[in-house]
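Q: My structure file data_26.cif, mmCIF, N, CA and C atoms, is below:
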```
data_entry
loop_
_atom_site.group_PDB
_atom_site.id
_atom_site.type_symbol
_atom_site.label_atom_id
_atom_site.label_comp_id
_atom_site.auth_asym_id
_atom_site.auth_seq_id
_atom_site.Cartn_x
_atom_site.Cartn_y
_atom_site.Cartn_z
ATOM 1 N N MET A 5 110.929 199.009 166.957
ATOM 2 C CA MET A 5 109.713 199.404 167.654
ATOM 3 C C MET A 5 108.471 199.113 166.804
ATOM 4 N N LYS A 6 108.581 199.350 165.497
ATOM 5 C CA LYS A 6 107.458 199.112 164.606
ATOM 6 C C LYS A 6 107.081 197.627 164.597
ATOM 7 N N HIS A 7 108.078 196.771 164.615
ATOM 8 C CA HIS A 7 107.829 195.333 164.624
ATOM 9 C C HIS A 7 107.214 194.879 165.942
ATOM 10 N N MET A 8 107.568 195.549 167.010
ATOM 11 C CA MET A 8 107.035 195.193 168.324
ATOM 12 C C MET A 8 105.524 195.435 168.363
ATOM 13 N N ARG A 9 105.065 196.523 167.778
ATOM 14 C CA ARG A 9 103.635 196.814 167.737
ATOM 15 C C ARG A 9 102.895 195.778 166.888
ATOM 16 N N LEU A 10 103.476 195.395 165.774
ATOM 17 C CA LEU A 10 102.879 194.388 164.918
ATOM 18 C C LEU A 10 102.776 193.056 165.657
ATOM 19 N N PHE A 11 103.840 192.699 166.346
ATOM 20 C CA PHE A 11 103.840 191.461 167.120
ATOM 21 C C PHE A 11 102.762 191.500 168.201
ATOM 22 N N ALA A 12 102.639 192.625 168.890
ATOM 23 C CA ALA A 12 101.630 192.765 169.942
ATOM 24 C C ALA A 12 100.224 192.652 169.358
ATOM 25 N N ALA A 13 100.000 193.269 168.209
ATOM 26 C CA ALA A 13 98.690 193.202 167.565
ATOM 27 C C ALA A 13 98.364 191.764 167.159
ATOM 28 N N LEU A 14 99.335 191.069 166.600
ATOM 29 C CA LEU A 14 99.121 189.672 166.217
ATOM 30 C C LEU A 14 98.850 188.795 167.433
ATOM 31 N N ALA A 15 99.537 189.064 168.529
ATOM 32 C CA ALA A 15 99.324 188.293 169.757
ATOM 33 C C ALA A 15 97.901 188.486 170.279
ATOM 34 N N VAL A 16 97.409 189.714 170.233
ATOM 35 C CA VAL A 16 96.045 190.001 170.684
ATOM 36 C C VAL A 16 95.037 189.279 169.795
ATOM 37 N N ILE A 17 95.236 189.316 168.495
ATOM 38 C CA ILE A 17 94.333 188.631 167.563
ATOM 39 C C ILE A 17 94.315 187.131 167.842
ATOM 40 N N CYS A 18 95.475 186.550 168.043
ATOM 41 C CA CYS A 18 95.551 185.111 168.340
ATOM 42 C C CYS A 18 94.830 184.778 169.641
ATOM 43 N N LEU A 19 94.970 185.618 170.648
ATOM 44 C CA LEU A 19 94.278 185.392 171.916
ATOM 45 C C LEU A 19 92.772 185.470 171.741
ATOM 46 N N LEU A 20 92.307 186.447 170.968
ATOM 47 C CA LEU A 20 90.875 186.593 170.745
ATOM 48 C C LEU A 20 90.306 185.396 169.984
ATOM 49 N N ILE A 21 91.005 184.952 168.964
ATOM 50 C CA ILE A 21 90.549 183.798 168.194
ATOM 51 C C ILE A 21 90.538 182.555 169.074
ATOM 52 N N GLY A 22 91.574 182.367 169.833
ATOM 53 C CA GLY A 22 91.653 181.218 170.734
ATOM 54 C C GLY A 22 90.574 181.252 171.791
ATOM 55 N N SER A 23 90.282 182.427 172.318
ATOM 56 C CA SER A 23 89.241 182.571 173.327
ATOM 57 C C SER A 23 87.870 182.268 172.740
ATOM 58 N N ALA A 24 87.615 182.761 171.533
ATOM 59 C CA ALA A 24 86.332 182.501 170.886
ATOM 60 C C ALA A 24 86.155 181.009 170.649
ATOM 61 N N TYR A 25 87.210 180.334 170.238
ATOM 62 C CA TYR A 25 87.142 178.886 170.015
ATOM 63 C C TYR A 25 86.890 178.157 171.333
ATOM 64 N N ALA A 26 87.562 178.587 172.396
ATOM 65 C CA ALA A 26 87.381 177.953 173.697
ATOM 66 C C ALA A 26 85.956 178.127 174.193
ATOM 67 N N VAL A 27 85.383 179.309 173.999
ATOM 68 C CA VAL A 27 84.003 179.550 174.420
ATOM 69 C C VAL A 27 83.052 178.694 173.591
ATOM 70 N N ALA A 28 83.300 178.605 172.282
ATOM 71 C CA ALA A 28 82.440 177.797 171.411
ATOM 72 C C ALA A 28 82.466 176.335 171.834
ATOM 73 N N LYS A 29 83.596 175.836 172.276
ATOM 74 C CA LYS A 29 83.692 174.442 172.701
ATOM 75 C C LYS A 29 82.871 174.188 173.960
ATOM 76 N N LEU A 30 82.560 175.237 174.719
ATOM 77 C CA LEU A 30 81.732 175.082 175.911
ATOM 78 C C LEU A 30 80.246 175.047 175.572
ATOM 79 N N MET A 31 79.902 175.303 174.315
ATOM 80 C CA MET A 31 78.504 175.374 173.903
ATOM 81 C C MET A 31 78.232 174.442 172.729
ATOM 82 N N PRO A 32 78.310 173.135 172.954
ATOM 83 C CA PRO A 32 78.030 172.192 171.860
ATOM 84 C C PRO A 32 76.541 172.097 171.551
ATOM 85 N N ALA A 33 76.226 171.599 170.397
ATOM 86 C CA ALA A 33 74.834 171.397 170.003
ATOM 87 C C ALA A 33 74.247 170.226 170.790
ATOM 88 N N VAL A 34 72.950 170.306 171.053
ATOM 89 C CA VAL A 34 72.226 169.213 171.708
ATOM 90 C C VAL A 34 70.977 168.916 170.883
ATOM 91 N N VAL A 35 70.560 167.659 170.908
ATOM 92 C CA VAL A 35 69.423 167.209 170.120
ATOM 93 C C VAL A 35 68.262 166.848 171.047
ATOM 94 N N ASP A 36 67.081 167.318 170.703
ATOM 95 C CA ASP A 36 65.861 166.920 171.401
ATOM 96 C C ASP A 36 65.361 165.655 170.711
ATOM 97 N N ASP A 37 65.558 164.519 171.359
ATOM 98 C CA ASP A 37 65.205 163.216 170.785
ATOM 99 C C ASP A 37 63.728 163.123 170.398
ATOM 100 N N LYS A 38 62.888 163.832 171.127
ATOM 101 C CA LYS A 38 61.446 163.759 170.865
ATOM 102 C C LYS A 38 61.056 164.516 169.596
ATOM 103 N N LYS A 39 61.852 165.511 169.215
ATOM 104 C CA LYS A 39 61.542 166.306 168.026
ATOM 105 C C LYS A 39 62.242 165.799 166.765
ATOM 106 N N CYS A 40 63.418 165.186 166.926
ATOM 107 C CA CYS A 40 64.243 164.792 165.777
ATOM 108 C C CYS A 40 63.514 163.775 164.899
ATOM 109 N N THR A 41 63.446 164.073 163.608
ATOM 110 C CA THR A 41 62.785 163.169 162.654
ATOM 111 C C THR A 41 63.796 162.328 161.875
ATOM 112 N N GLY A 42 65.082 162.587 162.080
ATOM 113 C CA GLY A 42 66.113 161.820 161.383
ATOM 114 C C GLY A 42 66.287 162.193 159.926
ATOM 115 N N CYS A 43 65.944 163.415 159.553
ATOM 116 C CA CYS A 43 66.038 163.825 158.147
ATOM 117 C C CYS A 43 67.487 163.937 157.662
ATOM 118 N N GLY A 44 68.434 164.169 158.593
ATOM 119 C CA GLY A 44 69.847 164.230 158.242
ATOM 120 C C GLY A 44 70.332 165.575 157.734
ATOM 121 N N LYS A 45 69.496 166.585 157.742
ATOM 122 C CA LYS A 45 69.924 167.905 157.263
ATOM 123 C C LYS A 45 71.033 168.486 158.132
ATOM 124 N N CYS A 46 70.978 168.217 159.429
ATOM 125 C CA CYS A 46 72.026 168.700 160.327
ATOM 126 C C CYS A 46 73.355 168.003 160.029
ATOM 127 N N VAL A 47 73.282 166.709 159.701
ATOM 128 C CA VAL A 47 74.486 165.935 159.366
ATOM 129 C C VAL A 47 75.152 166.528 158.132
ATOM 130 N N GLU A 48 74.352 166.842 157.124
ATOM 131 C CA GLU A 48 74.870 167.424 155.884
ATOM 132 C C GLU A 48 75.461 168.805 156.111
ATOM 133 N N ARG A 49 74.877 169.574 156.996
ATOM 134 C CA ARG A 49 75.276 170.974 157.195
ATOM 135 C C ARG A 49 76.480 171.140 158.107
ATOM 136 N N CYS A 50 76.760 170.172 158.973
ATOM 137 C CA CYS A 50 77.851 170.301 159.949
ATOM 138 C C CYS A 50 79.215 170.289 159.257
ATOM 139 N N PRO A 51 79.974 171.392 159.352
ATOM 140 C CA PRO A 51 81.274 171.458 158.684
ATOM 141 C C PRO A 51 82.355 170.615 159.370
ATOM 142 N N GLU A 52 82.105 170.197 160.605
ATOM 143 C CA GLU A 52 83.095 169.447 161.364
ATOM 144 C C GLU A 52 82.839 167.944 161.370
ATOM 145 N N GLY A 53 81.710 167.511 160.804
ATOM 146 C CA GLY A 53 81.374 166.093 160.841
ATOM 147 C C GLY A 53 81.069 165.614 162.242
ATOM 148 N N ALA A 54 80.509 166.500 163.058
ATOM 149 C CA ALA A 54 80.267 166.193 164.462
ATOM 150 C C ALA A 54 78.912 165.536 164.713
ATOM 151 N N ILE A 55 78.085 165.409 163.673
ATOM 152 C CA ILE A 55 76.745 164.858 163.869
ATOM 153 C C ILE A 55 76.561 163.603 163.026
ATOM 154 N N THR A 56 76.025 162.576 163.655
ATOM 155 C CA THR A 56 75.692 161.327 162.974
ATOM 156 C C THR A 56 74.274 160.933 163.382
ATOM 157 N N LEU A 57 73.714 159.968 162.667
ATOM 158 C CA LEU A 57 72.415 159.425 163.041
ATOM 159 C C LEU A 57 72.644 158.071 163.704
ATOM 160 N N ASN A 58 72.001 157.847 164.853
ATOM 161 C CA ASN A 58 72.165 156.565 165.541
ATOM 162 C C ASN A 58 71.279 155.493 164.914
ATOM 163 N N GLU A 59 71.231 154.309 165.533
ATOM 164 C CA GLU A 59 70.474 153.184 164.991
ATOM 165 C C GLU A 59 68.982 153.481 164.864
ATOM 166 N N GLN A 60 68.480 154.364 165.722
ATOM 167 C CA GLN A 60 67.064 154.743 165.688
ATOM 168 C C GLN A 60 66.804 155.902 164.717
ATOM 169 N N GLY A 61 67.847 156.395 164.057
ATOM 170 C CA GLY A 61 67.694 157.494 163.117
ATOM 171 C C GLY A 61 67.653 158.863 163.767
ATOM 172 N N ILE A 62 68.105 158.954 165.007
ATOM 173 C CA ILE A 62 68.117 160.211 165.749
ATOM 174 C C ILE A 62 69.526 160.812 165.683
ATOM 175 N N ALA A 63 69.594 162.121 165.484
ATOM 176 C CA ALA A 63 70.886 162.799 165.412
ATOM 177 C C ALA A 63 71.611 162.741 166.760
ATOM 178 N N VAL A 64 72.924 162.509 166.687
ATOM 179 C CA VAL A 64 73.782 162.464 167.867
ATOM 180 C C VAL A 64 74.971 163.377 167.604
ATOM 181 N N VAL A 65 75.302 164.219 168.583
ATOM 182 C CA VAL A 65 76.397 165.181 168.436
ATOM 183 C C VAL A 65 77.636 164.685 169.176
ATOM 184 N N ASP A 66 78.767 164.678 168.482
ATOM 185 C CA ASP A 66 80.055 164.385 169.106
ATOM 186 C C ASP A 66 80.554 165.694 169.697
ATOM 187 N N LYS A 67 80.472 165.821 171.013
ATOM 188 C CA LYS A 67 80.812 167.071 171.690
ATOM 189 C C LYS A 67 82.283 167.453 171.550
ATOM 190 N N GLU A 68 83.128 166.479 171.265
ATOM 191 C CA GLU A 68 84.551 166.767 171.052
ATOM 192 C C GLU A 68 84.790 167.453 169.707
ATOM 193 N N LYS A 69 83.985 167.119 168.717
ATOM 194 C CA LYS A 69 84.132 167.702 167.381
ATOM 195 C C LYS A 69 83.335 168.988 167.202
ATOM 196 N N CYS A 70 82.228 169.121 167.934
ATOM 197 C CA CYS A 70 81.324 170.257 167.760
ATOM 198 C C CYS A 70 82.000 171.561 168.165
ATOM 199 N N THR A 71 81.911 172.555 167.297
ATOM 200 C CA THR A 71 82.487 173.871 167.580
ATOM 201 C C THR A 71 81.428 174.891 167.972
ATOM 202 N N GLY A 72 80.169 174.502 168.006
ATOM 203 C CA GLY A 72 79.106 175.419 168.383
ATOM 204 C C GLY A 72 78.799 176.470 167.331
ATOM 205 N N CYS A 73 79.012 176.132 166.063
ATOM 206 C CA CYS A 73 78.837 177.113 164.980
ATOM 207 C C CYS A 73 77.373 177.429 164.685
ATOM 208 N N ASN A 74 76.456 176.574 165.123
ATOM 209 C CA ASN A 74 75.016 176.786 164.989
ATOM 210 C C ASN A 74 74.464 176.497 163.589
ATOM 211 N N LYS A 75 75.267 175.993 162.676
ATOM 212 C CA LYS A 75 74.786 175.705 161.324
ATOM 213 C C LYS A 75 73.776 174.561 161.333
ATOM 214 N N CYS A 76 73.965 173.610 162.213
ATOM 215 C CA CYS A 76 73.048 172.470 162.290
ATOM 216 C C CYS A 76 71.663 172.904 162.746
ATOM 217 N N SER A 77 71.607 173.758 163.740
ATOM 218 C CA SER A 77 70.296 174.171 164.247
ATOM 219 C C SER A 77 69.547 175.011 163.230
ATOM 220 N N LYS A 78 70.267 175.773 162.430
ATOM 221 C CA LYS A 78 69.627 176.559 161.376
ATOM 222 C C LYS A 78 69.091 175.653 160.267
ATOM 223 N N ALA A 79 69.733 174.505 160.067
ATOM 224 C CA ALA A 79 69.321 173.573 159.012
ATOM 225 C C ALA A 79 68.152 172.688 159.426
ATOM 226 N N CYS A 80 67.911 172.552 160.718
ATOM 227 C CA CYS A 80 66.876 171.634 161.204
ATOM 228 C C CYS A 80 65.480 172.208 160.978
ATOM 229 N N PRO A 81 64.655 171.498 160.192
ATOM 230 C CA PRO A 81 63.317 172.009 159.894
ATOM 231 C C PRO A 81 62.336 171.906 161.067
ATOM 232 N N VAL A 82 62.648 171.083 162.063
ATOM 233 C CA VAL A 82 61.738 170.914 163.197
ATOM 234 C C VAL A 82 62.311 171.475 164.495
ATOM 235 N N GLU A 83 63.418 172.203 164.393
ATOM 236 C CA GLU A 83 64.071 172.833 165.551
ATOM 237 C C GLU A 83 64.385 171.826 166.656
ATOM 238 N N ALA A 84 64.900 170.671 166.244
ATOM 239 C CA ALA A 84 65.229 169.618 167.207
ATOM 240 C C ALA A 84 66.659 169.726 167.717
ATOM 241 N N ILE A 85 67.443 170.601 167.146
ATOM 242 C CA ILE A 85 68.839 170.738 167.553
ATOM 243 C C ILE A 85 69.124 172.196 167.860
ATOM 244 N N ALA A 86 69.844 172.412 168.953
ATOM 245 C CA ALA A 86 70.145 173.771 169.391
ATOM 246 C C ALA A 86 71.510 173.796 170.057
ATOM 247 N N ILE A 87 72.051 174.988 170.185
ATOM 248 C CA ILE A 87 73.324 175.154 170.880
ATOM 249 C C ILE A 87 73.034 175.243 172.369
ATOM 250 N N ASN A 88 73.736 174.428 173.133
ATOM 251 C CA ASN A 88 73.530 174.347 174.573
ATOM 252 C C ASN A 88 74.629 175.096 175.291
ATOM 253 N N ASP A 89 74.262 176.065 176.094
ATOM 254 C CA ASP A 89 75.230 176.818 176.889
ATOM 255 C C ASP A 89 75.517 176.028 178.148
ATOM 256 N N THR A 90 76.694 175.355 178.163
ATOM 257 C CA THR A 90 77.047 174.525 179.317
ATOM 258 C C THR A 90 77.986 175.234 180.277
ATOM 259 N N ARG A 91 78.160 176.537 180.068
ATOM 260 C CA ARG A 91 79.025 177.280 180.989
ATOM 261 C C ARG A 91 78.375 177.314 182.366
ATOM 262 N N PRO A 92 79.187 177.250 183.416
ATOM 263 C CA PRO A 92 78.608 177.293 184.757
ATOM 264 C C PRO A 92 77.927 178.635 185.015
ATOM 265 N N SER A 93 76.839 178.583 185.743
ATOM 266 C CA SER A 93 76.131 179.809 186.120
ATOM 267 C C SER A 93 76.970 180.584 187.129
ATOM 268 N N PRO A 94 76.843 181.908 187.150
ATOM 269 C CA PRO A 94 77.585 182.696 188.134
ATOM 270 C C PRO A 94 77.197 182.257 189.529
ATOM 271 N N GLY A 95 78.198 182.123 190.381
ATOM 272 C CA GLY A 95 77.958 181.746 191.755
ATOM 273 C C GLY A 95 77.897 180.257 191.996
ATOM 274 N N THR A 96 78.195 179.441 190.937
ATOM 275 C CA THR A 96 78.178 177.983 191.143
ATOM 276 C C THR A 96 79.571 177.439 191.109
#
```
Mind converting the file's structure to structure tokens?
A:
Amino acid sequence: MKHMRLFAALAVICLLIGSAYAVAKLMPAVVDDKKCTGCGKCVERCPEGAITLNEQGIAVVDKEKCTGCNKCSKACPVEAIAINDTRPSPGT
């Protein structure tokens, strides 16, 4: 019985972690091309390697790699990158 409670607790923790990751994947970072100066601070700060600079020097986010951790937007000195909530609105 004691092991059953431990197993149940671990299962709940795994579900919560998995759910948080799934929600984060729905909210990738987006770049405002008009604000981005190409300084690369977001590229350096991204722990997943999800941000690169394109040929014009503008940051581009790989939505498959982005976990929505928000570290890039905190690093951006001109606030050109933000986390985008792409979840559907209620009733849509």
Q: Just the number, please: distance in Å from CA of Thr71 in chain A to atom N of Ala13 in chain A, one decimal.
A: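 Between CA of Thr71 in chain A and atom N of Ala13 in chain A the gap is 26.1 Å.
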Q: When you draw a straight line from atom N of Gln60 in chain A to atom N of Ala84 in chain A, how long is it in Å?
A: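 Distance reported for this atom pair: 16.7 Å.
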Q: Counting only C-alpha atoms, write as a ChimeraX atom specification all protein and nucleic acid residues lying at most 12 Å from (76.0, 164.7, 162.2) in the file's frame.
A: /A:33-35,42-58,61-67,69-70,75-77,79-80,85
Q: Convert the current residue selection to file output with N, CA and C atoms, as a short mmCIF file (atom, residue, chain, number, x, y, z; two decimals), keeping the file's coordinate frame.
A:
```cif
data_model
loop_
_atom_site.label_atom_id
_atom_site.label_comp_id
_atom_site.auth_asym_id
_atom_site.auth_seq_id
_atom_site.Cartn_x
_atom_site.Cartn_y
_atom_site.Cartn_z
N ALA A 33 76.23 171.60 170.40
CA ALA A 33 74.83 171.40 170.00
C ALA A 33 74.25 170.23 170.79
N VAL A 34 72.95 170.31 171.05
CA VAL A 34 72.23 169.21 171.71
C VAL A 34 70.98 168.92 170.88
N VAL A 35 70.56 167.66 170.91
CA VAL A 35 69.42 167.21 170.12
C VAL A 35 68.26 166.85 171.05
N GLY A 42 65.08 162.59 162.08
CA GLY A 42 66.11 161.82 161.38
C GLY A 42 66.29 162.19 159.93
N CYS A 43 65.94 163.42 159.55
CA CYS A 43 66.04 163.82 158.15
C CYS A 43 67.49 163.94 157.66
N GLY A 44 68.43 164.17 158.59
CA GLY A 44 69.85 164.23 158.24
C GLY A 44 70.33 165.58 157.73
N LYS A 45 69.50 166.58 157.74
CA LYS A 45 69.92 167.90 157.26
C LYS A 45 71.03 168.49 158.13
N CYS A 46 70.98 168.22 159.43
CA CYS A 46 72.03 168.70 160.33
C CYS A 46 73.36 168.00 160.03
N VAL A 47 73.28 166.71 159.70
CA VAL A 47 74.49 165.94 159.37
C VAL A 47 75.15 166.53 158.13
N GLU A 48 74.35 166.84 157.12
CA GLU A 48 74.87 167.42 155.88
C GLU A 48 75.46 168.80 156.11
N ARG A 49 74.88 169.57 157.00
CA ARG A 49 75.28 170.97 157.20
C ARG A 49 76.48 171.14 158.11
N CYS A 50 76.76 170.17 158.97
CA CYS A 50 77.85 170.30 159.95
C CYS A 50 79.22 170.29 159.26
N PRO A 51 79.97 171.39 159.35
CA PRO A 51 81.27 171.46 158.68
C PRO A 51 82.36 170.62 159.37
N GLU A 52 82.10 170.20 160.60
CA GLU A 52 83.10 169.45 161.36
C GLU A 52 82.84 167.94 161.37
N GLY A 53 81.71 167.51 160.80
CA GLY A 53 81.37 166.09 160.84
C GLY A 53 81.07 165.61 162.24
N ALA A 54 80.51 166.50 163.06
CA ALA A 54 80.27 166.19 164.46
C ALA A 54 78.91 165.54 164.71
N ILE A 55 78.08 165.41 163.67
CA ILE A 55 76.74 164.86 163.87
C ILE A 55 76.56 163.60 163.03
N THR A 56 76.03 162.58 163.66
CA THR A 56 75.69 161.33 162.97
C THR A 56 74.27 160.93 163.38
N LEU A 57 73.71 159.97 162.67
CA LEU A 57 72.42 159.43 163.04
C LEU A 57 72.64 158.07 163.70
N ASN A 58 72.00 157.85 164.85
CA ASN A 58 72.17 156.56 165.54
C ASN A 58 71.28 155.49 164.91
N GLY A 61 67.85 156.40 164.06
CA GLY A 61 67.69 157.49 163.12
C GLY A 61 67.65 158.86 163.77
N ILE A 62 68.10 158.95 165.01
CA ILE A 62 68.12 160.21 165.75
C ILE A 62 69.53 160.81 165.68
N ALA A 63 69.59 162.12 165.48
CA ALA A 63 70.89 162.80 165.41
C ALA A 63 71.61 162.74 166.76
N VAL A 64 72.92 162.51 166.69
CA VAL A 64 73.78 162.46 167.87
C VAL A 64 74.97 163.38 167.60
N VAL A 65 75.30 164.22 168.58
CA VAL A 65 76.40 165.18 168.44
C VAL A 65 77.64 164.68 169.18
N ASP A 66 78.77 164.68 168.48
CA ASP A 66 80.06 164.38 169.11
C ASP A 66 80.55 165.69 169.70
N LYS A 67 80.47 165.82 171.01
CA LYS A 67 80.81 167.07 171.69
C LYS A 67 82.28 167.45 171.55
N LYS A 69 83.98 167.12 168.72
CA LYS A 69 84.13 167.70 167.38
C LYS A 69 83.34 168.99 167.20
N CYS A 70 82.23 169.12 167.93
CA CYS A 70 81.32 170.26 167.76
C CYS A 70 82.00 171.56 168.16
N LYS A 75 75.27 175.99 162.68
CA LYS A 75 74.79 175.70 161.32
C LYS A 75 73.78 174.56 161.33
N CYS A 76 73.96 173.61 162.21
CA CYS A 76 73.05 172.47 162.29
C CYS A 76 71.66 172.90 162.75
N SER A 77 71.61 173.76 163.74
CA SER A 77 70.30 174.17 164.25
C SER A 77 69.55 175.01 163.23
N ALA A 79 69.73 174.50 160.07
CA ALA A 79 69.32 173.57 159.01
C ALA A 79 68.15 172.69 159.43
N CYS A 80 67.91 172.55 160.72
CA CYS A 80 66.88 171.63 161.20
C CYS A 80 65.48 172.21 160.98
N ILE A 85 67.44 170.60 167.15
CA ILE A 85 68.84 170.74 167.55
C ILE A 85 69.12 172.20 167.86
#
```
Q: Of the candidates A:Arg9, A:Glu68, A:Asn74, A:Ala86, which one gets nearest to Lys39 in chain A if we count only C-alpha atoms?
A: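 That would be A:Ala86, the residue with the smallest distance to Lys39 in chain A.
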Q: Distance atom C of Ile87 in chain A-CA of Gly72 in chain A, one decimal place?
A: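 Between atom C of Ile87 in chain A and CA of Gly72 in chain A the gap works out to 7.3 Å.
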